[in-house]
$ cat my_file.csv   # CSV, C-alpha atoms
chain,number,residue,atom,x,y,z
K,1,MET,CA,0.0,0.0,0.0
K,2,LYS,CA,1.4,3.4,-1.0
K,3,ILE,CA,1.3,6.0,1.7
K,4,THR,CA,2.2,9.7,1.1
K,5,ILE,CA,2.6,12.4,3.8
K,6,LEU,CA,2.2,15.8,2.1
K,7,ASP,CA,3.3,18.2,4.9
K,8,GLY,CA,5.1,16.2,7.5
K,9,PHE,CA,7.5,18.9,8.9
K,10,GLY,CA,4.9,20.4,11.2
K,11,VAL,CA,4.3,17.1,13.0
K,12,ASN,CA,7.8,15.7,12.6
K,13,PRO,CA,10.7,18.2,12.1
K,14,GLY,CA,13.1,15.4,12.8
K,15,ASP,CA,12.7,14.7,16.5
K,16,VAL,CA,10.2,11.8,16.2
K,17,THR,CA,9.9,8.8,13.8
K,18,TRP,CA,7.4,7.8,11.1
K,19,GLU,CA,8.0,4.1,12.0
K,20,LYS,CA,4.4,3.5,13.3
K,21,ILE,CA,3.0,4.7,9.9
K,22,SER,CA,5.6,3.0,7.7
K,23,GLN,CA,4.5,-0.4,9.0
K,24,PHE,CA,1.4,-0.2,6.8
K,25,GLY,CA,3.1,0.2,3.5
K,26,GLU,CA,5.6,2.1,1.3
K,27,ILE,CA,5.8,5.6,2.7
K,28,THR,CA,6.9,8.8,1.1
K,29,VAL,CA,7.3,11.9,3.3
K,30,TYR,CA,7.4,15.5,2.0
K,31,ASP,CA,8.1,18.3,4.5
K,32,ARG,CA,5.9,20.6,2.5
K,33,THR,CA,3.9,20.5,-0.7
K,34,PRO,CA,2.9,23.5,-2.8
K,35,LYS,CA,-0.7,23.2,-4.1
K,36,GLU,CA,0.4,22.7,-7.7
K,37,LYS,CA,2.3,19.6,-6.7
K,38,VAL,CA,-0.4,17.9,-4.7
K,39,VAL,CA,-1.9,15.8,-7.5
K,40,GLU,CA,1.5,14.8,-8.8
K,41,ARG,CA,2.6,13.5,-5.4
K,42,ILE,CA,-0.5,11.6,-4.5
K,43,ALA,CA,-1.8,10.4,-7.9
K,44,ASP,CA,-0.7,6.8,-7.2
K,45,SER,CA,-1.3,6.8,-3.4
K,46,GLU,CA,-4.0,4.8,-1.6
K,47,ILE,CA,-3.4,6.6,1.7
K,48,VAL,CA,-2.6,10.2,2.2
K,49,LEU,CA,-1.8,12.0,5.4
K,50,LEU,CA,-1.8,15.8,5.7
K,51,ASN,CA,-2.2,18.6,8.1
K,52,LYS,CA,-2.9,21.9,6.4
K,53,ILE,CA,-2.9,20.9,2.7
K,54,ASN,CA,-6.3,21.5,1.0
K,55,ILE,CA,-7.8,18.5,-0.7
K,56,THR,CA,-10.5,19.7,-3.2
K,57,LYS,CA,-13.0,18.0,-5.4
K,58,GLU,CA,-10.7,18.6,-8.3
K,59,ILE,CA,-7.8,16.9,-6.6
K,60,LEU,CA,-10.0,13.9,-5.7
K,61,ASP,CA,-11.2,13.7,-9.3
K,62,SER,CA,-7.6,13.4,-10.4
K,63,CYS,CA,-6.6,10.7,-7.8
K,64,PRO,CA,-8.8,7.6,-8.4
K,65,LYS,CA,-6.6,5.3,-6.5
K,66,LEU,CA,-7.0,7.3,-3.3
K,67,LYS,CA,-8.9,5.4,-0.6
K,68,TYR,CA,-8.1,7.1,2.7
K,69,ILE,CA,-7.2,10.6,3.9
K,70,GLY,CA,-5.8,11.0,7.4
K,71,VAL,CA,-5.9,14.5,8.7
K,72,LEU,CA,-3.1,14.9,11.3
K,73,ALA,CA,-5.1,17.4,13.3
K,74,THR,CA,-8.5,17.7,15.0
K,75,GLY,CA,-9.8,20.3,12.5
K,76,PHE,CA,-10.6,18.8,9.0
K,77,ASN,CA,-11.9,21.7,7.1
K,78,VAL,CA,-8.9,21.4,4.7
K,79,VAL,CA,-10.7,18.5,3.1
K,80,ASP,CA,-13.8,18.7,1.0
K,81,VAL,CA,-15.5,15.9,2.9
K,82,LYS,CA,-18.6,15.9,0.7
K,83,ALA,CA,-16.5,15.3,-2.4
K,84,ALA,CA,-14.5,12.6,-0.5
K,85,ARG,CA,-17.7,10.9,0.5
K,86,GLU,CA,-18.9,10.9,-3.2
K,87,HIS,CA,-15.5,9.4,-4.2
K,88,GLY,CA,-15.7,6.7,-1.5
K,89,VAL,CA,-12.7,8.1,0.3
K,90,THR,CA,-12.6,7.7,4.0
K,91,VAL,CA,-11.5,10.8,6.0
K,92,THR,CA,-10.4,10.6,9.6
K,93,ASN,CA,-9.0,13.2,12.1
K,94,ILE,CA,-7.1,13.1,15.4
K,95,PRO,CA,-9.5,14.1,18.2
K,96,SER,CA,-8.5,15.0,21.8
K,97,TYR,CA,-4.8,14.5,21.4
K,98,SER,CA,-3.7,18.0,22.5
K,99,THR,CA,-6.0,18.6,25.5
K,100,ASP,CA,-3.2,18.8,28.1
K,101,SER,CA,-0.8,20.8,26.0
K,102,VAL,CA,-3.3,23.4,24.9
K,103,ALA,CA,-4.6,23.9,28.4
K,104,GLN,CA,-1.0,24.3,29.6
K,105,HIS,CA,-0.4,26.9,26.9
K,106,VAL,CA,-3.5,28.9,28.0
K,107,PHE,CA,-2.0,29.2,31.5
K,108,ALA,CA,1.4,30.1,30.1
K,109,PHE,CA,-0.3,33.1,28.5
K,110,ILE,CA,-2.3,33.9,31.6
K,111,LEU,CA,0.8,33.7,33.9
K,112,ASN,CA,2.8,35.8,31.3
K,113,PHE,CA,0.3,38.6,31.9
K,114,THR,CA,0.1,38.2,35.7
K,115,ASN,CA,3.7,37.6,36.7
K,116,LEU,CA,5.8,39.3,33.9
K,117,VAL,CA,8.6,36.8,34.5
K,118,LYS,CA,10.4,37.5,31.2
K,119,GLU,CA,10.2,41.3,31.7
K,120,HIS,CA,11.6,41.1,35.2
K,121,SER,CA,14.3,38.7,34.2
K,122,ASP,CA,15.4,41.0,31.4
K,123,SER,CA,15.4,43.9,33.8
K,124,VAL,CA,17.6,42.0,36.3
K,125,HIS,CA,20.1,40.9,33.6
K,126,SER,CA,20.3,44.5,32.4
K,127,GLY,CA,21.6,45.5,35.9
K,128,ASP,CA,18.5,47.1,37.3
K,129,TRP,CA,18.5,44.9,40.5
K,130,ILE,CA,22.2,45.6,41.0
K,131,LYS,CA,21.5,49.3,41.0
K,132,CYS,CA,18.3,49.0,43.1
K,133,PRO,CA,18.4,50.5,46.7
K,134,ASP,CA,15.7,48.0,47.8
K,135,PHE,CA,15.6,44.2,48.2
K,136,CYS,CA,12.9,44.0,45.5
K,137,TYR,CA,11.1,46.0,42.8
K,138,TRP,CA,8.5,45.4,40.2
K,139,LEU,CA,8.0,47.0,36.8
K,140,SER,CA,4.2,47.1,37.0
K,141,PRO,CA,1.6,45.7,39.3
K,142,LEU,CA,1.6,41.9,39.6
K,143,THR,CA,-1.7,39.9,39.8
K,144,GLU,CA,-2.8,37.0,42.0
K,145,LEU,CA,-5.1,34.5,40.2
K,146,SER,CA,-6.9,33.3,43.3
K,147,GLY,CA,-10.3,34.9,43.4
K,148,LYS,CA,-10.2,36.1,39.8
K,149,THR,CA,-12.8,35.0,37.3
K,150,LEU,CA,-12.0,33.0,34.2
K,151,GLY,CA,-14.6,32.8,31.5
K,152,ILE,CA,-14.4,29.8,29.2
K,153,TYR,CA,-16.2,30.1,25.8
K,154,GLY,CA,-16.8,26.5,24.7
K,155,PHE,CA,-16.5,23.6,27.1
K,156,GLY,CA,-15.2,20.5,25.3
K,157,HIS,CA,-12.2,18.5,26.5
K,158,ILE,CA,-9.8,21.5,26.4
K,159,GLY,CA,-12.2,23.9,28.0
K,160,GLN,CA,-12.9,21.4,30.8
K,161,LYS,CA,-9.1,20.9,31.4
K,162,VAL,CA,-8.6,24.7,31.5
K,163,ALA,CA,-11.4,24.9,34.1
K,164,GLN,CA,-9.7,22.1,36.2
K,165,ILE,CA,-6.4,24.1,36.3
K,166,ALA,CA,-8.3,27.3,37.0
K,167,HIS,CA,-9.9,25.7,40.1
K,168,ALA,CA,-6.4,24.6,41.3
K,169,PHE,CA,-5.4,28.3,41.2
K,170,GLY,CA,-8.5,29.2,43.3
K,171,MET,CA,-10.2,31.0,40.4
K,172,ASN,CA,-13.9,31.3,39.8
K,173,VAL,CA,-15.0,29.8,36.5
K,174,LEU,CA,-17.8,30.9,34.2
K,175,VAL,CA,-18.6,28.9,31.0
K,176,HIS,CA,-20.6,29.4,27.9
K,177,VAL,CA,-21.8,26.1,26.5
K,178,HIS,CA,-23.8,25.5,23.3
K,179,SER,CA,-25.8,22.6,24.8
K,180,GLU,CA,-26.8,22.1,28.4
K,181,LYS,CA,-27.0,18.4,27.7
K,182,SER,CA,-23.2,18.3,27.3
K,183,PHE,CA,-22.5,20.1,30.5
K,184,SER,CA,-22.8,18.7,34.0
K,185,GLY,CA,-20.0,20.4,35.8
K,186,SER,CA,-19.9,22.7,38.9
K,187,GLU,CA,-19.0,25.8,36.9
K,188,LYS,CA,-21.6,28.5,36.4
K,189,THR,CA,-23.1,28.7,32.9
K,190,VAL,CA,-23.8,32.1,31.5
K,191,SER,CA,-24.6,33.9,28.3
K,192,THR,CA,-21.9,35.1,26.0
K,193,GLU,CA,-22.5,38.7,27.0
K,194,GLU,CA,-22.2,37.9,30.7
K,195,LEU,CA,-19.1,35.8,30.1
K,196,PHE,CA,-17.3,38.8,28.5
K,197,ARG,CA,-18.7,41.3,30.9
K,198,GLU,CA,-17.9,39.5,34.2
K,199,SER,CA,-14.6,37.7,33.5
K,200,ASP,CA,-11.1,38.9,34.4
K,201,PHE,CA,-9.6,36.4,31.8
K,202,ILE,CA,-11.5,34.9,28.9
K,203,SER,CA,-10.3,31.8,27.0
K,204,LEU,CA,-11.8,30.7,23.7
K,205,HIS,CA,-12.3,27.0,23.1
K,206,ALA,CA,-14.9,26.6,20.5
K,207,PRO,CA,-14.7,25.3,16.9
K,208,LEU,CA,-15.0,27.8,14.0
K,209,THR,CA,-18.6,27.7,12.8
K,210,ASP,CA,-21.1,30.2,11.4
K,211,GLU,CA,-22.0,31.0,14.9
K,212,THR,CA,-18.5,31.6,16.3
K,213,LYS,CA,-17.0,33.3,13.2
K,214,ASN,CA,-16.2,36.9,14.1
K,215,LEU,CA,-17.6,36.3,17.6
K,216,VAL,CA,-15.1,38.7,19.1
K,217,ASN,CA,-15.9,42.0,17.5
K,218,GLU,CA,-16.1,45.6,18.5
K,219,LYS,CA,-19.5,45.1,20.2
K,220,ILE,CA,-18.5,42.1,22.3
K,221,LEU,CA,-15.1,43.7,23.2
K,222,SER,CA,-16.9,46.7,24.5
K,223,LEU,CA,-18.4,44.5,27.2
K,224,MET,CA,-15.0,43.5,28.6
K,225,LYS,CA,-13.4,45.1,31.7
K,226,ALA,CA,-10.5,47.4,30.8
K,227,THR,CA,-8.5,45.2,33.2
K,228,ALA,CA,-9.5,41.9,31.4
K,229,TYR,CA,-7.4,39.7,29.2
K,230,LEU,CA,-8.5,37.6,26.2
K,231,ILE,CA,-6.8,34.3,25.3
K,232,ASN,CA,-7.3,32.5,22.0
K,233,THR,CA,-5.9,29.1,21.4
K,234,ALA,CA,-9.0,28.0,19.3
K,235,ARG,CA,-9.3,29.6,15.9
K,236,GLY,CA,-8.1,32.9,14.5
K,237,GLY,CA,-11.4,33.4,12.6
K,238,MET,CA,-13.3,33.8,15.9
K,239,VAL,CA,-11.7,37.3,16.3
K,240,VAL,CA,-12.2,40.4,14.1
K,241,GLU,CA,-8.5,41.3,14.3
K,242,THR,CA,-9.0,45.0,13.3
K,243,ASP,CA,-11.5,45.5,16.1
K,244,LEU,CA,-9.2,43.8,18.5
K,245,ARG,CA,-6.2,46.0,17.6
K,246,LYS,CA,-8.3,49.1,18.1
K,247,ALA,CA,-9.4,47.8,21.5
K,248,LEU,CA,-5.8,47.3,22.5
K,249,GLU,CA,-4.6,50.7,21.2
K,250,GLU,CA,-7.5,52.4,23.0
K,251,LYS,CA,-6.8,50.3,26.2
K,252,LYS,CA,-10.4,49.0,26.2
K,253,ILE,CA,-8.9,45.7,27.3
K,254,ALA,CA,-5.7,44.9,29.1
K,255,GLY,CA,-4.2,42.5,26.7
K,256,TYR,CA,-4.6,39.7,24.1
K,257,ALA,CA,-2.7,36.4,23.7
K,258,ALA,CA,-3.1,34.1,20.8
K,259,ASP,CA,-1.6,31.0,19.3
K,260,VAL,CA,-3.8,31.3,16.2
K,261,LEU,CA,-4.4,34.0,13.6
K,262,LEU,CA,-6.9,34.5,10.8
K,263,SER,CA,-4.1,33.9,8.3
K,264,GLU,CA,-1.2,31.6,9.0
K,265,PRO,CA,1.7,32.0,8.8
K,266,MET,CA,1.4,35.6,9.9
K,267,ASP,CA,1.4,38.3,7.2
K,268,SER,CA,3.3,41.5,7.7
K,269,ALA,CA,-0.1,43.3,7.0
K,270,SER,CA,-1.8,41.5,9.9
K,271,PRO,CA,-3.6,43.9,12.2
K,272,LEU,CA,-2.1,42.2,15.2
K,273,TYR,CA,1.5,42.5,14.0
K,274,LYS,CA,3.3,44.6,16.7
K,275,ALA,CA,0.0,45.4,18.4
K,276,PRO,CA,0.3,46.8,21.9
K,277,ASN,CA,-0.1,44.4,24.9
K,278,CYS,CA,-0.4,41.5,22.4
K,279,VAL,CA,1.4,38.2,22.9
K,280,ILE,CA,1.4,35.8,19.9
K,281,THR,CA,3.0,32.4,19.6
K,282,PRO,CA,3.2,30.7,16.2
K,283,HIS,CA,0.5,28.0,16.5
K,284,ILE,CA,2.5,25.8,18.9
K,285,ALA,CA,0.1,25.0,21.7
K,286,TRP,CA,-0.4,21.5,20.3
K,287,ALA,CA,3.3,21.0,19.6
K,288,PRO,CA,5.1,19.5,22.6
K,289,ARG,CA,7.0,16.3,21.6
K,290,GLU,CA,4.8,14.2,23.9
K,291,THR,CA,1.7,15.5,22.2
K,292,ARG,CA,3.0,14.8,18.7
K,293,LEU,CA,3.9,11.3,19.7
K,294,ARG,CA,0.4,10.8,20.9
K,295,LEU,CA,-0.9,12.2,17.6
K,296,LEU,CA,1.2,9.7,15.6
K,297,ASP,CA,-0.1,6.8,17.8
K,298,ILE,CA,-3.7,7.8,17.1
K,299,ALA,CA,-2.9,8.3,13.4
K,300,ALA,CA,-1.4,4.8,13.2
K,301,GLY,CA,-4.4,3.4,15.0
K,302,ASN,CA,-6.7,5.2,12.5
K,303,ILE,CA,-4.9,3.6,9.6
K,304,LYS,CA,-5.0,0.1,11.1
K,305,ALA,CA,-8.7,0.4,11.9
K,306,PHE,CA,-9.3,1.4,8.3
K,307,ILE,CA,-7.3,-1.4,6.9
K,308,ASP,CA,-9.1,-3.9,9.2
K,309,GLY,CA,-12.4,-2.6,7.8
K,310,ASN,CA,-13.5,-0.9,11.0
K,311,PRO,CA,-12.5,2.7,10.6
K,312,VAL,CA,-12.6,5.0,13.6
K,313,ASN,CA,-12.5,8.8,14.1
K,314,VAL,CA,-14.3,9.1,10.7
K,315,VAL,CA,-15.4,12.5,9.6
K,316,SER,CA,-16.5,11.5,6.1
$ encode --input "my_file.csv" --output "C-alpha cells"
Amino acid sequence: MKITILDGFGVNPGDVTWEKISQFGEITVYDRTPKEKVVERIADSEIVLLNKINITKEILDSCPKLKYIGVLATGFNVVDVKAAREHGVTVTNIPSYSTDSVAQHVFAFILNFTNLVKEHSDSVHSGDWIKCPDFCYWLSPLTELSGKTLGIYGFGHIGQKVAQIAHAFGMNVLVHVHSEKSFSGSEKTVSTEELFRESDFISLHAPLTDETKNLVNEKILSLMKATAYLINTARGGMVVETDLRKALEEKKIAGYAADVLLSEPMDSASPLYKAPNCVITPHIAWAPRETRLRLLDIAAGNIKAFIDGNPVNVVS
C-alpha cells in the first residue's frame, strides 16, 4: 500500500519517527507540498496523510486510487468531505490528542500577563537589581489569580481541562456552552454577554462555525473590563482582528494572547503585528513532543482500523 505524507514537517521536524506509519506500506514523506504539486505527489497513493494541505473535489477527481485521507489534526476543514464521500474516500481526524498541552499553553499566556517573568528577568540581567536600593522592585503591578474569574467560551475536552487548572489556582469559573445536555460540571453557565462582561480572563475553546466566526468583534469587546485579558488558542477566525487591535490601542482591554491567527503563517499586514499588549505564539500550543507522539499513535491506530475494515474517528 502506497502512503504519502504531504506536509510532515509540522508534526515531525526530525525529532520523532514515522515508524508506526511505515509499517502499513511504502511511505513517502514530504516536508511541505505546494498546491500545484499535490496531484503529482498523491496520484498513485492509496493513503494520504496531511495537516494543512487542501484537498479539493478537483484533486479527488484526479486521484482515483485514493482510498483514505488521514488529517493529522483535529480540524478537518482542509478536506472537501462531501466530495470525499462521493468518491468513496474515508477521511479521519485526530481528536482530543492535545488537550493537556493546549490547556498548559493557556496558562502560560495567563501567567505571562500576571507575573511578567520575562520582563523582570530581562530587567535583572540588564543590571536594574544591582542598582536598586531596595531588596525588591516590580516593573508594573503583579496579579494573584486566586479569586479572579476565568470565562471559558466552549466547554469541550480542552475547556474542561482549563477549568480544572483554574480551580487549582483558586479561580472562579464561568462557562458558555452551546448545549446544556453536554454540561454537568460545577462551573456557572452564563450567556456570551455575561461571560465577556464579568470575566477577568477569557479563554476561547470553540470550533470555528457560522455561529462563532467573528464572535469577538467591537461590540463584544466593548463589554469587557478594561483590566481583562483575552486568550485565543482556538481559531483565528473567531476574532475580528482589526477590532481587537483598536481595543488594544485604546486600552479598552488589558491584553490579548493568541496561538492562532486569521491567516497563518502571519502576514506583515496582519492587524495584530506589533499590536500593543499583544502576545502571539506561532501555533505551537499543540506541539510538545509528547503531544505529537500521541498524535502519531492515534494516526497509526486510525490507519490500522481502516485497513481492518472498522474505521474510527471518521469525519466522512
$ atom_distance --input "my_file.csv" --atom1 "atom CA of K:Ala287" --atom2 "atom CA of K:Gly14"
13.2 Å
$ residues_near_point --input "my_file.csv" --point "(-3.7, 10.6, 11.7)" --cutoff "9 Å" --atoms "all atoms listed in the file" --output "ChimeraX atom specification"
/K:49-51,69-73,92-94,295-303
$ closest_residue --input "my_file.csv" --among "K:Gly236, K:Asp61, K:Cys278, K:Val79" --to "K:Tyr256" --atoms "only C-alpha atoms"
K:Cys278
$ closest_residue --input "my_file.csv" --among "K:His205, K:Thr90, K:Val175, K:Lys251" --to "K:Asn310" --atoms "all atoms listed in the file"
K:Thr90
$ atom_distance --input "my_file.csv" --atom1 "atom CA of K:Asn54" --atom2 "atom CA of K:Gly309"
25.8 Å
$ closest_residue --input "my_file.csv" --among "K:Ile21, K:Ile152, K:Met224, K:Ile158" --to "K:Val190" --atoms "only C-alpha atoms"
K:Ile152
$ atom_distance --input "my_file.csv" --atom1 "atom CA of K:Asp100" --atom2 "atom CA of K:Gly156"
12.4 Å
$ residues_near_point --input "my_file.csv" --point "(3.4, 16.9, 23.4)" --cutoff "12 Å" --atoms "all atoms listed in the file" --output "VMD selection string"
chain K and resid 11 to 12 15 to 16 97 to 105 284 to 296
$ closest_residue --input "my_file.csv" --among "K:Phe24, K:Phe76, K:Phe201, K:Tyr68" --to "K:Ala257" --atoms "only C-alpha atoms"
K:Phe201
$ residues_around --input "my_file.csv" --residues "stretch 38-44 of chain K" --least-positions-apart "4" --cutoff "9 Å" --atoms "only C-alpha atoms" --output "ChimeraX atom specification"
/K:2-6,33-34,48,53-55,59-60,62-66
$ closest_residue --input "my_file.csv" --among "K:Lys225, K:Lys67, K:His178, K:His167" --to "K:Thr212" --atoms "only C-alpha atoms"
K:His178
$ residues_around --input "my_file.csv" --residues "K:Leu150" --least-positions-apart "6" --cutoff "7 Å" --atoms "all atoms listed in the file" --output "ChimeraX atom specification"
/K:171-174,199-202
$ closest_residue --input "my_file.csv" --among "K:Trp18, K:Leu142, K:Asp267, K:Gly10" --to "K:Asn112" --atoms "all atoms listed in the file"
K:Leu142
$ residues_around --input "my_file.csv" --residues "K:Gly147" --least-positions-apart "2" --cutoff "9 Å" --atoms "all atoms listed in the file" --output "list in words"
Glu144, Leu145, Thr149, Phe169, Gly170, Met171 and Asn172 of chain K
$ residues_around --input "my_file.csv" --residues "K:Ile220" --least-positions-apart "3" --cutoff "9 Å" --atoms "only C-alpha atoms" --output "list in words"
Thr192, Glu193, Phe196, Arg197, Leu215, Val216, Asn217, Leu223 and Met224 of chain K
$ build_atoms --input "my_file.csv" --residues "stretch 94-104 of chain K" --atoms "all heavy atoms" --output "mmCIF file, keeping the file's coordinate frame"
data_model
loop_
_atom_site.group_PDB
_atom_site.id
_atom_site.type_symbol
_atom_site.label_atom_id
_atom_site.label_comp_id
_atom_site.auth_asym_id
_atom_site.auth_seq_id
_atom_site.Cartn_x
_atom_site.Cartn_y
_atom_site.Cartn_z
ATOM 1 N N ILE K 94 -7.780 13.475 14.137
ATOM 2 C CA ILE K 94 -7.100 13.100 15.400
ATOM 3 C C ILE K 94 -7.797 13.878 16.527
ATOM 4 O O ILE K 94 -7.392 15.005 16.825
ATOM 5 C CB ILE K 94 -5.624 13.371 15.380
ATOM 6 C CG1 ILE K 94 -4.972 12.874 14.087
ATOM 7 C CG2 ILE K 94 -4.960 12.765 16.615
ATOM 8 C CD1 ILE K 94 -4.847 11.389 13.968
ATOM 9 N N PRO K 95 -8.803 13.336 17.168
ATOM 10 C CA PRO K 95 -9.500 14.100 18.200
ATOM 11 C C PRO K 95 -8.760 13.984 19.570
ATOM 12 O O PRO K 95 -8.098 12.986 19.873
ATOM 13 C CB PRO K 95 -10.846 13.395 18.305
ATOM 14 C CG PRO K 95 -10.551 11.972 17.924
ATOM 15 C CD PRO K 95 -9.437 12.037 16.904
ATOM 16 N N SER K 96 -8.872 15.050 20.344
ATOM 17 C CA SER K 96 -8.500 15.000 21.800
ATOM 18 C C SER K 96 -7.065 14.628 22.064
ATOM 19 O O SER K 96 -6.778 14.127 23.134
ATOM 20 C CB SER K 96 -9.454 14.102 22.541
ATOM 21 O OG SER K 96 -10.793 14.482 22.347
ATOM 22 N N TYR K 97 -6.156 14.870 21.138
ATOM 23 C CA TYR K 97 -4.800 14.500 21.400
ATOM 24 C C TYR K 97 -3.987 15.581 22.109
ATOM 25 O O TYR K 97 -2.967 15.322 22.746
ATOM 26 C CB TYR K 97 -4.051 14.159 20.063
ATOM 27 C CG TYR K 97 -3.756 15.366 19.210
ATOM 28 C CD1 TYR K 97 -2.511 15.976 19.251
ATOM 29 C CD2 TYR K 97 -4.729 15.919 18.388
ATOM 30 C CE1 TYR K 97 -2.253 17.109 18.491
ATOM 31 C CE2 TYR K 97 -4.487 17.031 17.626
ATOM 32 C CZ TYR K 97 -3.240 17.625 17.679
ATOM 33 O OH TYR K 97 -2.986 18.752 16.936
ATOM 34 N N SER K 98 -4.453 16.833 22.020
ATOM 35 C CA SER K 98 -3.700 18.000 22.500
ATOM 36 C C SER K 98 -4.302 18.669 23.705
ATOM 37 O O SER K 98 -3.938 19.792 24.025
ATOM 38 C CB SER K 98 -3.420 18.968 21.391
ATOM 39 O OG SER K 98 -4.660 19.497 20.922
ATOM 40 N N THR K 99 -5.233 18.010 24.357
ATOM 41 C CA THR K 99 -6.000 18.600 25.500
ATOM 42 C C THR K 99 -5.038 19.207 26.518
ATOM 43 O O THR K 99 -5.138 20.378 26.900
ATOM 44 C CB THR K 99 -6.938 17.622 26.101
ATOM 45 O OG1 THR K 99 -7.892 17.203 25.116
ATOM 46 C CG2 THR K 99 -7.661 18.242 27.281
ATOM 47 N N ASP K 100 -4.120 18.378 27.006
ATOM 48 C CA ASP K 100 -3.200 18.800 28.100
ATOM 49 C C ASP K 100 -2.304 19.935 27.653
ATOM 50 O O ASP K 100 -2.084 20.908 28.389
ATOM 51 C CB ASP K 100 -2.424 17.636 28.624
ATOM 52 C CG ASP K 100 -3.277 16.630 29.379
ATOM 53 O OD1 ASP K 100 -4.369 17.008 29.848
ATOM 54 O OD2 ASP K 100 -2.865 15.472 29.485
ATOM 55 N N SER K 101 -1.743 19.810 26.453
ATOM 56 C CA SER K 101 -0.800 20.800 26.000
ATOM 57 C C SER K 101 -1.401 22.153 25.735
ATOM 58 O O SER K 101 -0.823 23.203 26.038
ATOM 59 C CB SER K 101 0.006 20.301 24.789
ATOM 60 O OG SER K 101 -0.856 20.132 23.683
ATOM 61 N N VAL K 102 -2.596 22.156 25.153
ATOM 62 C CA VAL K 102 -3.300 23.400 24.900
ATOM 63 C C VAL K 102 -3.692 24.105 26.177
ATOM 64 O O VAL K 102 -3.515 25.325 26.345
ATOM 65 C CB VAL K 102 -4.474 23.227 23.938
ATOM 66 C CG1 VAL K 102 -5.238 24.546 23.764
ATOM 67 C CG2 VAL K 102 -4.026 22.711 22.581
ATOM 68 N N ALA K 103 -4.216 23.330 27.122
ATOM 69 C CA ALA K 103 -4.600 23.900 28.400
ATOM 70 C C ALA K 103 -3.361 24.492 29.116
ATOM 71 O O ALA K 103 -3.431 25.557 29.736
ATOM 72 C CB ALA K 103 -5.245 22.841 29.290
ATOM 73 N N GLN K 104 -2.244 23.798 29.007
ATOM 74 C CA GLN K 104 -1.000 24.300 29.600
ATOM 75 C C GLN K 104 -0.597 25.623 28.936
ATOM 76 O O GLN K 104 -0.162 26.566 29.614
ATOM 77 C CB GLN K 104 0.108 23.253 29.344
ATOM 78 C CG GLN K 104 1.505 23.672 29.781
ATOM 79 C CD GLN K 104 2.519 22.563 29.504
ATOM 80 O OE1 GLN K 104 2.273 21.398 29.799
ATOM 81 N NE2 GLN K 104 3.654 22.918 28.923
#
